[in-house]
>>> print(open('entry31.cif').read())   # mmCIF, C-alpha atoms
data_start
#
loop_
_atom_site.group_PDB
_atom_site.id
_atom_site.type_symbol
_atom_site.label_atom_id
_atom_site.label_comp_id
_atom_site.auth_asym_id
_atom_site.auth_seq_id
_atom_site.Cartn_x
_atom_site.Cartn_y
_atom_site.Cartn_z
ATOM 1 C CA MET A 1 28.068 -21.205 28.033
ATOM 2 C CA ARG A 2 25.247 -23.655 28.748
ATOM 3 C CA LYS A 3 22.995 -20.831 29.963
ATOM 4 C CA LEU A 4 23.510 -18.911 26.714
ATOM 5 C CA LEU A 5 22.555 -21.974 24.652
ATOM 6 C CA LEU A 6 19.293 -22.324 26.602
ATOM 7 C CA ILE A 7 18.430 -18.634 26.342
ATOM 8 C CA ALA A 8 19.058 -18.299 22.558
ATOM 9 C CA PRO A 9 16.203 -20.628 21.447
ATOM 10 C CA LEU A 10 13.824 -18.965 23.921
ATOM 11 C CA PHE A 11 14.798 -15.475 22.667
ATOM 12 C CA THR A 12 14.353 -16.568 19.037
ATOM 13 C CA THR A 13 10.923 -18.018 19.847
ATOM 14 C CA LEU A 14 9.871 -14.753 21.503
ATOM 15 C CA LEU A 15 11.019 -12.726 18.496
ATOM 16 C CA ILE A 16 9.128 -14.940 16.056
ATOM 17 C CA GLY A 17 6.027 -14.910 18.247
ATOM 18 C CA CYS A 18 6.069 -11.087 18.342
ATOM 19 C CA GLU A 19 6.682 -10.611 14.642
ATOM 20 C CA SER A 20 4.518 -7.918 13.092
ATOM 21 C CA LYS A 21 3.082 -8.465 9.617
ATOM 22 C CA THR A 22 1.440 -6.063 7.182
ATOM 23 C CA PRO A 23 -2.275 -6.776 6.631
ATOM 24 C CA VAL A 24 -3.016 -8.452 3.289
ATOM 25 C CA GLY A 25 -6.089 -8.205 1.098
ATOM 26 C CA PRO A 26 -8.907 -5.761 0.700
ATOM 27 C CA GLY A 27 -10.556 -4.127 3.659
ATOM 28 C CA THR A 28 -10.034 -1.439 6.215
ATOM 29 C CA VAL A 29 -7.600 -1.607 9.078
ATOM 30 C CA THR A 30 -8.913 0.032 12.219
ATOM 31 C CA ILE A 31 -6.595 0.961 15.043
ATOM 32 C CA THR A 32 -8.239 1.635 18.397
ATOM 33 C CA GLU A 33 -6.408 3.187 21.325
ATOM 34 C CA THR A 34 -7.994 3.543 24.744
ATOM 35 C CA THR A 35 -6.456 5.791 27.393
ATOM 36 C CA THR A 36 -7.791 5.719 30.927
ATOM 37 C CA SER A 37 -6.911 8.060 33.764
ATOM 38 C CA THR A 38 -8.376 8.233 37.231
ATOM 39 C CA THR A 39 -11.194 10.540 36.102
ATOM 40 C CA THR A 40 -11.737 10.002 32.342
ATOM 41 C CA SER A 41 -11.510 7.379 29.630
ATOM 42 C CA THR A 42 -10.774 8.372 26.019
ATOM 43 C CA THR A 43 -10.996 6.121 22.945
ATOM 44 C CA THR A 44 -9.475 7.156 19.638
ATOM 45 C CA THR A 45 -10.158 5.186 16.436
ATOM 46 C CA SER A 46 -8.173 5.715 13.252
ATOM 47 C CA THR A 47 -8.984 4.155 9.894
ATOM 48 C CA ILE A 48 -6.173 3.565 7.418
ATOM 49 C CA PRO A 49 -7.449 3.988 3.824
ATOM 50 C CA ILE A 50 -6.630 1.416 1.152
ATOM 51 C CA PRO A 51 -4.371 2.913 -1.557
ATOM 52 C CA THR A 52 -5.030 2.757 -5.303
ATOM 53 C CA LYS A 53 -3.424 -0.327 -6.866
ATOM 54 C CA ALA A 54 -2.399 -0.962 -10.483
ATOM 55 C CA SER A 55 -2.676 -4.505 -11.812
ATOM 56 C CA PHE A 56 -2.808 -6.001 -15.299
ATOM 57 C CA VAL A 57 -2.706 -9.203 -17.308
ATOM 58 C CA PHE A 58 -1.947 -9.920 -20.934
ATOM 59 C CA SER A 59 -2.438 -12.667 -23.492
ATOM 60 C CA PRO A 60 -0.944 -14.561 -25.117
ATOM 61 C CA VAL A 61 1.590 -14.994 -22.337
ATOM 62 C CA THR A 62 4.521 -15.755 -24.684
ATOM 63 C CA PRO A 63 3.690 -14.049 -27.969
ATOM 64 C CA ARG A 64 5.769 -13.965 -31.108
ATOM 65 C CA ALA A 65 7.139 -10.794 -32.691
ATOM 66 C CA LEU A 66 4.454 -9.000 -34.737
ATOM 67 C CA GLU A 67 1.666 -10.923 -32.940
ATOM 68 C CA VAL A 68 -1.039 -8.768 -31.339
ATOM 69 C CA VAL A 69 -0.956 -8.925 -27.538
ATOM 70 C CA ASN A 70 -4.043 -7.945 -25.512
ATOM 71 C CA PHE A 71 -3.542 -6.047 -22.254
ATOM 72 C CA THR A 72 -6.158 -5.235 -19.604
ATOM 73 C CA GLY A 73 -5.814 -3.150 -16.470
ATOM 74 C CA ALA A 74 -9.350 -4.004 -15.332
ATOM 75 C CA GLY A 75 -7.894 -5.712 -12.239
ATOM 76 C CA SER A 76 -6.642 -2.364 -10.929
ATOM 77 C CA THR A 77 -8.469 -1.123 -7.852
ATOM 78 C CA PRO A 78 -9.140 2.421 -6.665
ATOM 79 C CA GLY A 79 -8.281 3.459 -3.142
ATOM 80 C CA THR A 80 -10.852 4.044 -0.426
ATOM 81 C CA ASP A 81 -13.488 6.540 -1.627
ATOM 82 C CA ARG A 82 -11.710 7.029 -4.958
ATOM 83 C CA ARG A 83 -12.082 6.064 -8.614
ATOM 84 C CA ILE A 84 -9.457 5.447 -11.275
ATOM 85 C CA VAL A 85 -9.512 8.178 -13.926
ATOM 86 C CA SER A 86 -6.608 7.199 -16.218
ATOM 87 C CA TYR A 87 -4.631 4.181 -17.386
ATOM 88 C CA SER A 88 -1.239 4.746 -19.079
ATOM 89 C CA TRP A 89 0.725 1.945 -20.757
ATOM 90 C CA ASP A 90 4.470 1.865 -21.493
ATOM 91 C CA PHE A 91 5.359 -1.217 -23.544
ATOM 92 C CA GLY A 92 9.108 -0.970 -23.003
ATOM 93 C CA ASP A 93 9.894 -0.485 -26.683
ATOM 94 C CA GLY A 94 9.183 3.232 -26.949
ATOM 95 C CA VAL A 95 5.435 2.862 -27.559
ATOM 96 C CA LYS A 96 2.979 4.346 -25.053
ATOM 97 C CA LYS A 97 -0.833 4.161 -25.060
ATOM 98 C CA THR A 98 -3.769 4.944 -22.769
ATOM 99 C CA GLY A 99 -6.996 3.184 -21.782
ATOM 100 C CA VAL A 100 -8.129 0.422 -19.451
ATOM 101 C CA THR A 101 -7.405 -2.079 -22.257
ATOM 102 C CA SER A 102 -4.867 -1.911 -25.049
ATOM 103 C CA THR A 103 -3.282 -4.010 -27.762
ATOM 104 C CA HIS A 104 0.322 -3.967 -28.915
ATOM 105 C CA ASP A 105 2.545 -5.937 -31.250
ATOM 106 C CA PHE A 106 6.281 -6.000 -30.591
ATOM 107 C CA ASP A 107 8.447 -5.580 -33.700
ATOM 108 C CA ALA A 108 11.283 -7.812 -32.508
ATOM 109 C CA ASP A 109 11.798 -10.764 -30.198
ATOM 110 C CA GLY A 110 13.259 -10.082 -26.752
ATOM 111 C CA VAL A 111 12.288 -9.352 -23.182
ATOM 112 C CA TYR A 112 10.277 -6.176 -22.546
ATOM 113 C CA LEU A 113 9.203 -4.506 -19.321
ATOM 114 C CA VAL A 114 5.559 -3.429 -19.687
ATOM 115 C CA THR A 115 4.362 -0.848 -17.161
ATOM 116 C CA LEU A 116 0.818 0.230 -16.311
ATOM 117 C CA THR A 117 0.352 3.477 -14.386
ATOM 118 C CA VAL A 118 -3.099 4.324 -13.026
ATOM 119 C CA MET A 119 -4.162 7.634 -11.537
ATOM 120 C CA ASP A 120 -7.129 8.130 -9.241
ATOM 121 C CA ASP A 121 -9.418 11.150 -8.925
ATOM 122 C CA ARG A 122 -7.262 12.590 -6.129
ATOM 123 C CA GLY A 123 -4.157 12.573 -8.348
ATOM 124 C CA ASP A 124 -2.458 9.613 -6.633
ATOM 125 C CA LYS A 125 -0.638 7.240 -8.981
ATOM 126 C CA ALA A 126 0.060 3.518 -8.708
ATOM 127 C CA GLU A 127 2.270 1.460 -10.978
ATOM 128 C CA SER A 128 2.631 -2.200 -11.895
ATOM 129 C CA ALA A 129 5.238 -3.716 -14.201
ATOM 130 C CA LEU A 130 5.597 -7.172 -15.730
ATOM 131 C CA THR A 131 8.148 -8.632 -18.120
ATOM 132 C CA ILE A 132 6.970 -10.136 -21.363
ATOM 133 C CA THR A 133 9.135 -12.493 -23.400
ATOM 134 C CA VAL A 134 8.518 -12.150 -27.119
ATOM 135 C CA ARG A 135 9.603 -15.098 -29.262
ATOM 136 C CA PRO A 136 10.871 -14.731 -32.843
ATOM 137 C CA ALA A 137 8.220 -14.305 -35.528
ATOM 138 C CA LEU A 138 7.110 -17.352 -37.480
ATOM 139 C CA PRO A 139 8.761 -17.628 -40.901
ATOM 140 C CA LYS A 140 6.542 -16.460 -43.743
ATOM 141 C CA MET A 141 5.132 -19.257 -45.874
ATOM 142 C CA PRO A 142 5.767 -18.985 -49.649
#
>>> encode(input="entry31.cif", output="C-alpha cells")
Amino acid sequence: MRKLLLIAPLFTTLLIGCESKTPVGPGTVTITETTTSTTTSTTTTSTIPIPTKASFVFSPVTPRALEVVNFTGAGSTPGTDRRIVSYSWDFGDGVKKTGVTSTHDFDADGVYLVTLTVMDDRGDKAESALTITVRPALPKMP
C-alpha cells in the first residue's frame, strides 16, 4: 500500500507535465517531422491554416426595450489566405439582418441570443453567439 501512495503523486506529476494544449492566438502552427534511415534523411513540414472566426460586440450592453442597440462584427477574422464576404445577424426575436454592422431594437424586455454568422470566400462559415439582456422600457413621460 505504501508503494502505491508513492507512485500515485509521481504518475500524476508525469501526466500533468505531458499535458498537450491547443495553441492560442493568431499565427501559424508548423509541424516538422524528420525521418532518418541509414542512407537518407527526409524532413516534412506541414502548416495548419488558421480558420475563419466570427466575433462581435454590441452597445449599450444592457439596453432597454425599444432602445437602439449597435452591433459590429468588425472583430471577426478571416482564415489564412481568405477574406470574409458576408455577415449575417440573427437577433433571437425573429429578426435577421446582414452587414458588418447593424442596429436593432428589441420590442420587449427579456434575454435574447444574438448570433453572427460570417462566411469567407471559400464558403466556410463561422458563428459566434452572445446573450443580451433587455430591460423594460422606460415609462413614457406625460
>>> resolve_selection(input="entry31.cif", expression="the PyMOL selection byres ((chain A and resi 115-128) around 12)", output="VMD selection string")
chain A and resid 51 to 58 71 to 102 112 to 114 129 to 132
>>> atom_distance(input="entry31.cif", atom1="atom CA of Val134 of chain A", atom2="atom CA of Glu67 of chain A")
9.1 Å
>>> resolve_selection(input="entry31.cif", expression="the PyMOL selection byres ((chain A and resi 104-109) around 6)", output="MDAnalysis selection string")
chainID A and resid 65:69 103 110 134:136
>>> atom_distance(input="entry31.cif", atom1="atom CA of Arg64 of chain A", atom2="atom CA of Pro142 of chain A")
19.2 Å
>>> atom_distance(input="entry31.cif", atom1="atom CA of Asn70 of chain A", atom2="atom CA of Ala137 of chain A")
17.1 Å
>>> axis_aligned_box(input="entry31.cif", around="segment 85-99 of chain A", padding_each_side="4 Å", output="lines of an AutoDock Vina configuration file")
center_x = 0.2
center_y = 3.5
center_z = -20.7
size_x = 27.4
size_y = 17.4
size_z = 21.6
